[in-house]
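Below: data09.tsv (TSV, N, CA and C atoms)
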chain	number	residue	atom	x	y	z
J	1	MET	N	4.55	-22.95	-10.54
J	1	MET	CA	5.52	-22.94	-11.62
J	1	MET	C	5.33	-24.21	-12.46
J	2	ASN	N	5.22	-24.06	-13.75
J	2	ASN	CA	5.14	-25.21	-14.64
J	2	ASN	C	6.47	-25.96	-14.64
J	3	LYS	N	6.39	-27.25	-14.93
J	3	LYS	CA	7.58	-28.11	-14.98
J	3	LYS	C	7.71	-28.71	-16.37
J	4	ARG	N	8.91	-29.17	-16.68
J	4	ARG	CA	9.11	-29.91	-17.93
J	4	ARG	C	10.20	-30.96	-17.72
J	5	ILE	N	10.17	-31.97	-18.58
J	5	ILE	CA	11.15	-33.06	-18.53
J	5	ILE	C	12.22	-32.76	-19.57
J	6	LEU	N	13.49	-32.90	-19.19
J	6	LEU	CA	14.59	-32.67	-20.12
J	6	LEU	C	14.99	-33.97	-20.81
J	7	GLY	N	14.91	-34.00	-22.11
J	7	GLY	CA	15.38	-35.12	-22.91
J	7	GLY	C	14.86	-36.46	-22.44
J	8	ALA	N	15.68	-37.49	-22.69
J	8	ALA	CA	15.31	-38.86	-22.31
J	8	ALA	C	15.71	-39.19	-20.88
J	9	SER	N	16.34	-38.24	-20.21
J	9	SER	CA	16.86	-38.50	-18.86
J	9	SER	C	15.76	-38.59	-17.81
J	10	GLY	N	14.60	-37.99	-18.07
J	10	GLY	CA	13.53	-37.97	-17.09
J	10	GLY	C	13.74	-36.91	-16.02
J	11	LEU	N	14.71	-36.05	-16.20
J	11	LEU	CA	15.02	-35.00	-15.23
J	11	LEU	C	13.97	-33.90	-15.33
J	12	GLU	N	13.26	-33.65	-14.21
J	12	GLU	CA	12.20	-32.65	-14.19
J	12	GLU	C	12.74	-31.34	-13.62
J	13	VAL	N	12.47	-30.25	-14.34
J	13	VAL	CA	12.91	-28.92	-13.90
J	13	VAL	C	11.77	-27.93	-14.12
J	14	SER	N	11.91	-26.76	-13.54
J	14	SER	CA	10.93	-25.70	-13.77
J	14	SER	C	11.02	-25.24	-15.22
J	15	SER	N	9.89	-24.83	-15.79
J	15	SER	CA	9.89	-24.33	-17.16
J	15	SER	C	10.72	-23.06	-17.29
J	16	LEU	N	10.79	-22.31	-16.24
J	16	LEU	CA	11.59	-21.10	-16.20
J	16	LEU	C	12.90	-21.41	-15.48
J	17	GLY	N	14.02	-21.16	-16.15
J	17	GLY	CA	15.33	-21.36	-15.53
J	17	GLY	C	15.99	-20.02	-15.31
J	18	LEU	N	17.12	-20.04	-14.61
J	18	LEU	CA	17.85	-18.81	-14.32
J	18	LEU	C	19.30	-18.97	-14.72
J	19	GLY	N	19.73	-18.21	-15.71
J	19	GLY	CA	21.13	-18.15	-16.10
J	19	GLY	C	21.88	-17.23	-15.16
J	20	CYS	N	23.00	-17.70	-14.63
J	20	CYS	CA	23.66	-17.00	-13.52
J	20	CYS	C	24.93	-16.24	-13.90
J	21	MET	N	25.28	-16.20	-15.19
J	21	MET	CA	26.54	-15.58	-15.60
J	21	MET	C	26.69	-14.15	-15.07
J	22	GLY	N	25.69	-13.33	-15.25
J	22	GLY	CA	25.79	-11.93	-14.87
J	22	GLY	C	25.91	-11.68	-13.38
J	23	MET	N	25.78	-12.71	-12.58
J	23	MET	CA	25.86	-12.55	-11.12
J	23	MET	C	27.29	-12.39	-10.62
J	24	SER	N	28.27	-12.81	-11.43
J	24	SER	CA	29.66	-12.67	-11.00
J	24	SER	C	30.60	-12.32	-12.15
J	25	HIS	N	30.08	-12.30	-13.36
J	25	HIS	CA	30.93	-12.09	-14.53
J	25	HIS	C	30.14	-11.30	-15.55
J	26	HIS	N	30.59	-10.09	-15.83
J	26	HIS	CA	29.87	-9.26	-16.78
J	26	HIS	C	30.79	-8.15	-17.24
J	27	ARG	N	30.37	-7.46	-18.28
J	27	ARG	CA	31.19	-6.35	-18.80
J	27	ARG	C	31.24	-5.17	-17.83
J	28	GLY	N	30.23	-5.04	-17.02
J	28	GLY	CA	30.17	-3.93	-16.08
J	28	GLY	C	30.29	-4.44	-14.65
J	29	ASN	N	29.83	-3.64	-13.74
J	29	ASN	CA	29.86	-4.02	-12.33
J	29	ASN	C	28.78	-5.05	-12.04
J	30	THR	N	29.07	-5.93	-11.09
J	30	THR	CA	28.07	-6.90	-10.65
J	30	THR	C	27.69	-6.57	-9.21
J	31	ALA	N	26.55	-7.03	-8.80
J	31	ALA	CA	26.11	-6.82	-7.42
J	31	ALA	C	26.95	-7.67	-6.48
J	32	SER	N	26.80	-7.45	-5.21
J	32	SER	CA	27.59	-8.19	-4.22
J	32	SER	C	27.15	-9.65	-4.16
J	33	ALA	N	28.04	-10.49	-3.67
J	33	ALA	CA	27.72	-11.91	-3.50
J	33	ALA	C	26.51	-12.08	-2.60
J	34	THR	N	26.41	-11.28	-1.57
J	34	THR	CA	25.27	-11.36	-0.64
J	34	THR	C	23.96	-11.10	-1.37
J	35	GLU	N	23.95	-10.08	-2.24
J	35	GLU	CA	22.74	-9.76	-3.00
J	35	GLU	C	22.39	-10.88	-3.98
J	36	MET	N	23.39	-11.46	-4.60
J	36	MET	CA	23.15	-12.52	-5.58
J	36	MET	C	22.68	-13.82	-4.90
J	37	ILE	N	23.21	-14.11	-3.73
J	37	ILE	CA	22.76	-15.28	-2.97
J	37	ILE	C	21.29	-15.10	-2.59
J	38	ALA	N	20.93	-13.90	-2.17
J	38	ALA	CA	19.53	-13.61	-1.83
J	38	ALA	C	18.63	-13.77	-3.06
J	39	LEU	N	19.11	-13.29	-4.21
J	39	LEU	CA	18.33	-13.41	-5.44
J	39	LEU	C	18.14	-14.88	-5.82
J	40	LEU	N	19.18	-15.69	-5.76
J	40	LEU	CA	19.08	-17.12	-6.09
J	40	LEU	C	18.11	-17.84	-5.16
J	41	ARG	N	18.20	-17.56	-3.88
J	41	ARG	CA	17.29	-18.21	-2.92
J	41	ARG	C	15.86	-17.74	-3.11
J	42	SER	N	15.68	-16.48	-3.50
J	42	SER	CA	14.34	-15.96	-3.79
J	42	SER	C	13.75	-16.66	-5.02
J	43	ALA	N	14.59	-16.93	-6.00
J	43	ALA	CA	14.12	-17.65	-7.20
J	43	ALA	C	13.62	-19.04	-6.82
J	44	VAL	N	14.34	-19.73	-5.95
J	44	VAL	CA	13.91	-21.06	-5.49
J	44	VAL	C	12.58	-20.95	-4.75
J	45	ASP	N	12.46	-19.94	-3.91
J	45	ASP	CA	11.21	-19.74	-3.17
J	45	ASP	C	10.02	-19.51	-4.11
J	46	ARG	N	10.31	-19.00	-5.30
J	46	ARG	CA	9.25	-18.73	-6.29
J	46	ARG	C	9.04	-19.91	-7.25
J	47	GLY	N	9.78	-21.01	-7.04
J	47	GLY	CA	9.55	-22.21	-7.84
J	47	GLY	C	10.57	-22.52	-8.91
J	48	VAL	N	11.58	-21.67	-9.07
J	48	VAL	CA	12.62	-21.95	-10.07
J	48	VAL	C	13.51	-23.08	-9.53
J	49	THR	N	13.71	-24.11	-10.36
J	49	THR	CA	14.54	-25.24	-9.94
J	49	THR	C	15.67	-25.52	-10.91
J	50	PHE	N	15.83	-24.71	-11.97
J	50	PHE	CA	16.83	-24.96	-13.00
J	50	PHE	C	17.75	-23.75	-13.13
J	51	PHE	N	19.03	-23.97	-12.86
J	51	PHE	CA	20.02	-22.89	-12.85
J	51	PHE	C	21.19	-23.25	-13.76
J	52	ASP	N	21.77	-22.24	-14.39
J	52	ASP	CA	22.89	-22.46	-15.30
J	52	ASP	C	24.12	-21.68	-14.84
J	53	THR	N	25.26	-22.37	-14.82
J	53	THR	CA	26.53	-21.74	-14.48
J	53	THR	C	27.62	-22.36	-15.35
J	54	ALA	N	28.84	-21.85	-15.25
J	54	ALA	CA	29.96	-22.42	-16.00
J	54	ALA	C	31.26	-21.99	-15.34
J	55	GLN	N	32.29	-22.81	-15.55
J	55	GLN	CA	33.58	-22.48	-14.97
J	55	GLN	C	34.16	-21.21	-15.59
J	56	VAL	N	33.80	-20.89	-16.82
J	56	VAL	CA	34.33	-19.72	-17.49
J	56	VAL	C	33.79	-18.42	-16.88
J	57	TYR	N	32.66	-18.46	-16.21
J	57	TYR	CA	32.08	-17.26	-15.61
J	57	TYR	C	32.89	-16.91	-14.36
J	58	GLY	N	33.86	-16.10	-14.52
J	58	GLY	CA	34.66	-15.70	-13.37
J	58	GLY	C	36.14	-15.64	-13.64
J	59	PRO	N	36.83	-16.68	-13.95
J	59	PRO	CA	36.42	-18.08	-14.00
J	59	PRO	C	36.28	-18.69	-12.61
J	60	PHE	N	35.46	-19.67	-12.52
J	60	PHE	CA	35.19	-20.50	-11.35
J	60	PHE	C	34.37	-19.82	-10.26
J	61	THR	N	34.37	-18.50	-10.21
J	61	THR	CA	33.69	-17.81	-9.11
J	61	THR	C	32.17	-17.97	-9.18
J	62	ASN	N	31.61	-18.05	-10.39
J	62	ASN	CA	30.17	-18.18	-10.51
J	62	ASN	C	29.69	-19.52	-9.98
J	63	GLU	N	30.41	-20.59	-10.29
J	63	GLU	CA	30.04	-21.90	-9.76
J	63	GLU	C	30.05	-21.89	-8.24
J	64	SER	N	31.05	-21.24	-7.66
J	64	SER	CA	31.13	-21.17	-6.19
J	64	SER	C	29.98	-20.37	-5.61
J	65	LEU	N	29.65	-19.25	-6.25
J	65	LEU	CA	28.54	-18.42	-5.79
J	65	LEU	C	27.22	-19.19	-5.86
J	66	VAL	N	26.96	-19.82	-6.98
J	66	VAL	CA	25.72	-20.59	-7.15
J	66	VAL	C	25.68	-21.73	-6.15
J	67	GLY	N	26.81	-22.41	-5.97
J	67	GLY	CA	26.87	-23.51	-5.01
J	67	GLY	C	26.58	-23.07	-3.59
J	68	GLU	N	27.18	-21.96	-3.20
J	68	GLU	CA	26.94	-21.45	-1.84
J	68	GLU	C	25.47	-21.09	-1.64
J	69	ALA	N	24.89	-20.44	-2.64
J	69	ALA	CA	23.50	-20.00	-2.52
J	69	ALA	C	22.53	-21.18	-2.49
J	70	LEU	N	22.79	-22.21	-3.30
J	70	LEU	CA	21.82	-23.29	-3.45
J	70	LEU	C	22.11	-24.52	-2.60
J	71	ALA	N	23.22	-24.52	-1.88
J	71	ALA	CA	23.56	-25.68	-1.03
J	71	ALA	C	22.42	-26.06	-0.08
J	72	PRO	N	21.76	-25.11	0.58
J	72	PRO	CA	20.68	-25.50	1.50
J	72	PRO	C	19.48	-26.16	0.82
J	73	VAL	N	19.34	-25.98	-0.49
J	73	VAL	CA	18.19	-26.54	-1.21
J	73	VAL	C	18.65	-27.45	-2.35
J	74	SER	N	19.82	-28.00	-2.24
J	74	SER	CA	20.42	-28.74	-3.35
J	74	SER	C	19.59	-29.94	-3.82
J	75	VAL	N	18.81	-30.52	-2.93
J	75	VAL	CA	17.99	-31.67	-3.35
J	75	VAL	C	16.77	-31.23	-4.15
J	76	ARG	N	16.47	-29.94	-4.15
J	76	ARG	CA	15.29	-29.42	-4.86
J	76	ARG	C	15.63	-28.78	-6.20
J	77	VAL	N	16.92	-28.60	-6.52
J	77	VAL	CA	17.29	-27.86	-7.72
J	77	VAL	C	18.19	-28.68	-8.64
J	78	VAL	N	18.28	-28.23	-9.88
J	78	VAL	CA	19.18	-28.81	-10.87
J	78	VAL	C	20.10	-27.68	-11.34
J	79	ILE	N	21.40	-27.94	-11.32
J	79	ILE	CA	22.37	-26.96	-11.78
J	79	ILE	C	22.99	-27.48	-13.07
J	80	ALA	N	22.74	-26.76	-14.16
J	80	ALA	CA	23.37	-27.10	-15.44
J	80	ALA	C	24.73	-26.42	-15.47
J	81	LYS	N	25.73	-27.16	-15.90
J	81	LYS	CA	27.09	-26.64	-15.93
J	81	LYS	C	27.61	-26.71	-17.35
J	82	ASP	N	27.95	-25.55	-17.92
J	82	ASP	CA	28.58	-25.54	-19.24
J	82	ASP	C	29.96	-26.14	-19.11
J	83	MET	N	30.41	-26.83	-20.15
J	83	MET	CA	31.73	-27.46	-20.07
J	83	MET	C	32.43	-27.39	-21.42
J	84	ASP	N	33.56	-28.08	-21.50
J	84	ASP	CA	34.41	-28.11	-22.69
J	84	ASP	C	35.07	-26.76	-22.95
J	85	TYR	N	35.37	-26.05	-21.92
J	85	TYR	CA	36.10	-24.81	-22.03
J	85	TYR	C	37.46	-25.00	-21.39
J	86	THR	N	38.52	-24.66	-22.10
J	86	THR	CA	39.86	-24.77	-21.54
J	86	THR	C	40.31	-23.39	-21.12
J	87	HIS	N	40.63	-23.25	-19.87
J	87	HIS	CA	41.09	-22.00	-19.28
J	87	HIS	C	42.55	-22.17	-18.89
J	88	PRO	N	43.35	-21.13	-18.97
J	88	PRO	CA	44.75	-21.28	-18.56
J	88	PRO	C	44.85	-21.93	-17.18
J	89	GLY	N	45.67	-22.96	-17.08
J	89	GLY	CA	45.82	-23.69	-15.83
J	89	GLY	C	44.86	-24.85	-15.71
J	90	ASP	N	43.95	-24.98	-16.67
J	90	ASP	CA	42.98	-26.07	-16.65
J	90	ASP	C	43.49	-27.18	-17.56
J	91	ASP	N	42.72	-28.26	-17.70
J	91	ASP	CA	43.12	-29.38	-18.56
J	91	ASP	C	43.36	-28.91	-19.99
J	92	GLN	N	44.22	-29.61	-20.70
J	92	GLN	CA	44.44	-29.33	-22.11
J	92	GLN	C	43.26	-29.86	-22.92
J	93	THR	N	43.09	-29.34	-24.10
J	93	THR	CA	42.01	-29.77	-24.97
J	93	THR	C	42.21	-31.24	-25.36
J	94	PRO	N	41.23	-32.10	-25.14
J	94	PRO	CA	41.37	-33.52	-25.47
J	94	PRO	C	41.41	-33.74	-26.97
J	95	SER	N	42.14	-34.79	-27.40
J	95	SER	CA	42.30	-35.03	-28.83
J	95	SER	C	41.52	-36.25	-29.33
J	96	THR	N	41.05	-37.11	-28.45
J	96	THR	CA	40.27	-38.27	-28.88
J	96	THR	C	38.94	-38.28	-28.15
J	97	SER	N	37.99	-39.05	-28.67
J	97	SER	CA	36.68	-39.10	-28.02
J	97	SER	C	36.78	-39.69	-26.62
J	98	ARG	N	37.68	-40.65	-26.42
J	98	ARG	CA	37.86	-41.22	-25.08
J	98	ARG	C	38.40	-40.15	-24.13
J	99	GLU	N	39.38	-39.38	-24.59
J	99	GLU	CA	39.92	-38.29	-23.76
J	99	GLU	C	38.85	-37.24	-23.50
J	100	LEU	N	38.03	-36.97	-24.50
J	100	LEU	CA	36.96	-35.99	-24.34
J	100	LEU	C	35.98	-36.44	-23.26
J	101	GLY	N	35.59	-37.71	-23.27
J	101	GLY	CA	34.70	-38.23	-22.24
J	101	GLY	C	35.29	-38.09	-20.85
J	102	ARG	N	36.58	-38.42	-20.71
J	102	ARG	CA	37.25	-38.27	-19.41
J	102	ARG	C	37.33	-36.81	-18.99
J	103	ALA	N	37.66	-35.94	-19.96
J	103	ALA	CA	37.77	-34.51	-19.65
J	103	ALA	C	36.43	-33.94	-19.21
J	104	ARG	N	35.34	-34.35	-19.88
J	104	ARG	CA	34.02	-33.87	-19.49
J	104	ARG	C	33.66	-34.32	-18.08
J	105	ARG	N	33.89	-35.59	-17.78
J	105	ARG	CA	33.58	-36.09	-16.45
J	105	ARG	C	34.42	-35.36	-15.39
J	106	HIS	N	35.71	-35.16	-15.69
J	106	HIS	CA	36.60	-34.47	-14.75
J	106	HIS	C	36.13	-33.03	-14.54
J	107	SER	N	35.76	-32.36	-15.64
J	107	SER	CA	35.28	-30.98	-15.55
J	107	SER	C	34.01	-30.91	-14.71
J	108	CYS	N	33.10	-31.83	-14.93
J	108	CYS	CA	31.85	-31.85	-14.16
J	108	CYS	C	32.10	-32.15	-12.70
J	109	THR	N	33.03	-33.06	-12.43
J	109	THR	CA	33.34	-33.41	-11.04
J	109	THR	C	33.91	-32.21	-10.30
J	110	ARG	N	34.84	-31.49	-10.93
J	110	ARG	CA	35.38	-30.29	-10.29
J	110	ARG	C	34.30	-29.24	-10.10
J	111	GLY	N	33.45	-29.06	-11.11
J	111	GLY	CA	32.35	-28.11	-10.99
J	111	GLY	C	31.37	-28.51	-9.90
J	112	SER	N	31.18	-29.81	-9.71
J	112	SER	CA	30.29	-30.30	-8.65
J	112	SER	C	30.81	-29.91	-7.29
J	113	HIS	N	32.12	-29.93	-7.12
J	113	HIS	CA	32.69	-29.50	-5.84
J	113	HIS	C	32.43	-28.02	-5.61
J	114	ARG	N	32.61	-27.22	-6.67
J	114	ARG	CA	32.39	-25.78	-6.52
J	114	ARG	C	30.92	-25.44	-6.30
J	115	THR	N	30.02	-26.22	-6.91
J	115	THR	CA	28.59	-25.93	-6.76
J	115	THR	C	27.95	-26.66	-5.59
J	116	HIS	N	28.74	-27.42	-4.83
J	116	HIS	CA	28.24	-28.17	-3.68
J	116	HIS	C	27.13	-29.13	-4.09
J	117	SER	N	27.21	-29.64	-5.31
J	117	SER	CA	26.16	-30.55	-5.80
J	117	SER	C	26.64	-31.99	-5.72
J	118	SER	N	25.72	-32.89	-5.94
J	118	SER	CA	26.01	-34.31	-5.75
J	118	SER	C	26.83	-34.90	-6.88
J	119	GLY	N	27.00	-34.19	-7.97
J	119	GLY	CA	27.84	-34.69	-9.05
J	119	GLY	C	27.11	-34.82	-10.36
J	120	VAL	N	27.68	-35.62	-11.23
J	120	VAL	CA	27.19	-35.78	-12.59
J	120	VAL	C	25.96	-36.67	-12.60
J	121	ASN	N	24.95	-36.25	-13.35
J	121	ASN	CA	23.77	-37.07	-13.55
J	121	ASN	C	24.11	-38.11	-14.60
J	122	ASP	N	24.33	-39.34	-14.20
J	122	ASP	CA	24.73	-40.39	-15.15
J	122	ASP	C	23.64	-40.73	-16.13
J	123	ARG	N	22.43	-40.22	-15.94
J	123	ARG	CA	21.35	-40.46	-16.89
J	123	ARG	C	21.38	-39.46	-18.04
J	124	SER	N	22.32	-38.55	-18.01
J	124	SER	CA	22.34	-37.50	-19.03
J	124	SER	C	22.73	-38.07	-20.38
J	125	ASP	N	22.43	-37.32	-21.42
J	125	ASP	CA	22.64	-37.76	-22.78
J	125	ASP	C	24.02	-37.39	-23.35
J	126	TRP	N	24.84	-36.68	-22.61
J	126	TRP	CA	26.09	-36.17	-23.18
J	126	TRP	C	27.22	-37.17	-23.23
J	127	ARG	N	27.11	-38.32	-22.60
J	127	ARG	CA	28.23	-39.25	-22.53
J	127	ARG	C	28.73	-39.68	-23.88

Turn the structure described in the file into structure tokens.
Amino acid sequence: MNKRILGASGLEVSSLGLGCMGMSHHRGNTASATEMIALLRSAVDRGVTFFDTAQVYGPFTNESLVGEALAPVSVRVVIAKDMDYTHPGDDQTPSTSRELGRARRHSCTRGSHRTHSSGVNDRSDWR
């Protein structure tokens, strides 16, 4: 599998990534969690190291599914998490750039718990 570096962070990922929304959130029926976990682990076995999830997919269920599937290989993969989405019961929309920075970090931290990942990559460009 070819690799590429993302931005100035130096983060190396597979050239082919896997978007995970349809694994738990879609207009129609989705496959079972067991089938999706097997699919995610099979992707890793084939060299995919870049996965995308978001709290809105479910909500929250997709992050948990991806986290459960990739926990055994978490040091080998990168999980991109979409953010800045306000869901009922979630944080209110921030009104200042300082609040936005705190809200993003808080959102990523909660998502990190659901995805069983080590947390926010402080080398990222979004700060």

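In this model, the gap between CA of Leu65 (chain J) and CA of Met1 (chain J) comes to 24.2 Å.
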
Inset, instruction - Measure the distance from CA of Ser9 (chain J) to CA of Gly58 (chain J) in Å and round it to one decimal. - result: 29.4 Å

Legend entry - Residue among J:Ser74, J:Gln55, J:Ser64, J:Thr49 lying closest to Val13 (chain J), counting only N, CA and C atoms: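 Result for the nearest residue to Val13 (chain J): J:Thr49.
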
Inset, instruction - Could you tell me how far atom C of His25 (chain J) lies from atom N of Asp82 (chain J), in Å and to one decimal? - result: 14.6 Å

Env of Lys3 (chain J): 7 Å cut, atoms = all atoms listed in the file, seq-sep filter 4 positions within chain, self excluded. Answer as a PDB file with N, CA and C atoms, keeping the file's coordinate frame.
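What landed in result-v4.pdb:
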ATOM      1  N   GLU J  12      13.260 -33.650 -14.210  1.00  0.00           N
ATOM      2  CA  GLU J  12      12.200 -32.650 -14.190  1.00  0.00           C
ATOM      3  C   GLU J  12      12.740 -31.340 -13.620  1.00  0.00           C
ATOM      4  N   VAL J  13      12.470 -30.250 -14.340  1.00  0.00           N
ATOM      5  CA  VAL J  13      12.910 -28.920 -13.900  1.00  0.00           C
ATOM      6  C   VAL J  13      11.770 -27.930 -14.120  1.00  0.00           C
ATOM      7  N   SER J  14      11.910 -26.760 -13.540  1.00  0.00           N
ATOM      8  CA  SER J  14      10.930 -25.700 -13.770  1.00  0.00           C
ATOM      9  C   SER J  14      11.020 -25.240 -15.220  1.00  0.00           C
ATOM     10  N   SER J  15       9.890 -24.830 -15.790  1.00  0.00           N
ATOM     11  CA  SER J  15       9.890 -24.330 -17.160  1.00  0.00           C
ATOM     12  C   SER J  15      10.720 -23.060 -17.290  1.00  0.00           C
ATOM     13  N   LEU J  16      10.790 -22.310 -16.240  1.00  0.00           N
ATOM     14  CA  LEU J  16      11.590 -21.100 -16.200  1.00  0.00           C
ATOM     15  C   LEU J  16      12.900 -21.410 -15.480  1.00  0.00           C
TER      16      LEU J  16
END

Legend entry - Residue nearest Met23 (chain J) among J:Ala80, J:Val75, J:Met36, J:Leu6 (counting all atoms listed in the file):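 Ranked by minimum distance to Met23 (chain J), first place goes to J:Met36.
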
Inset, instruction - Kindly extract all protein, DNA and RNA residues lying within 10 Å of the coordinates (21.5, -17.3, -7.9) given in the file, considering only C-alpha atoms, and supply them as a count of residues only. - result: 29
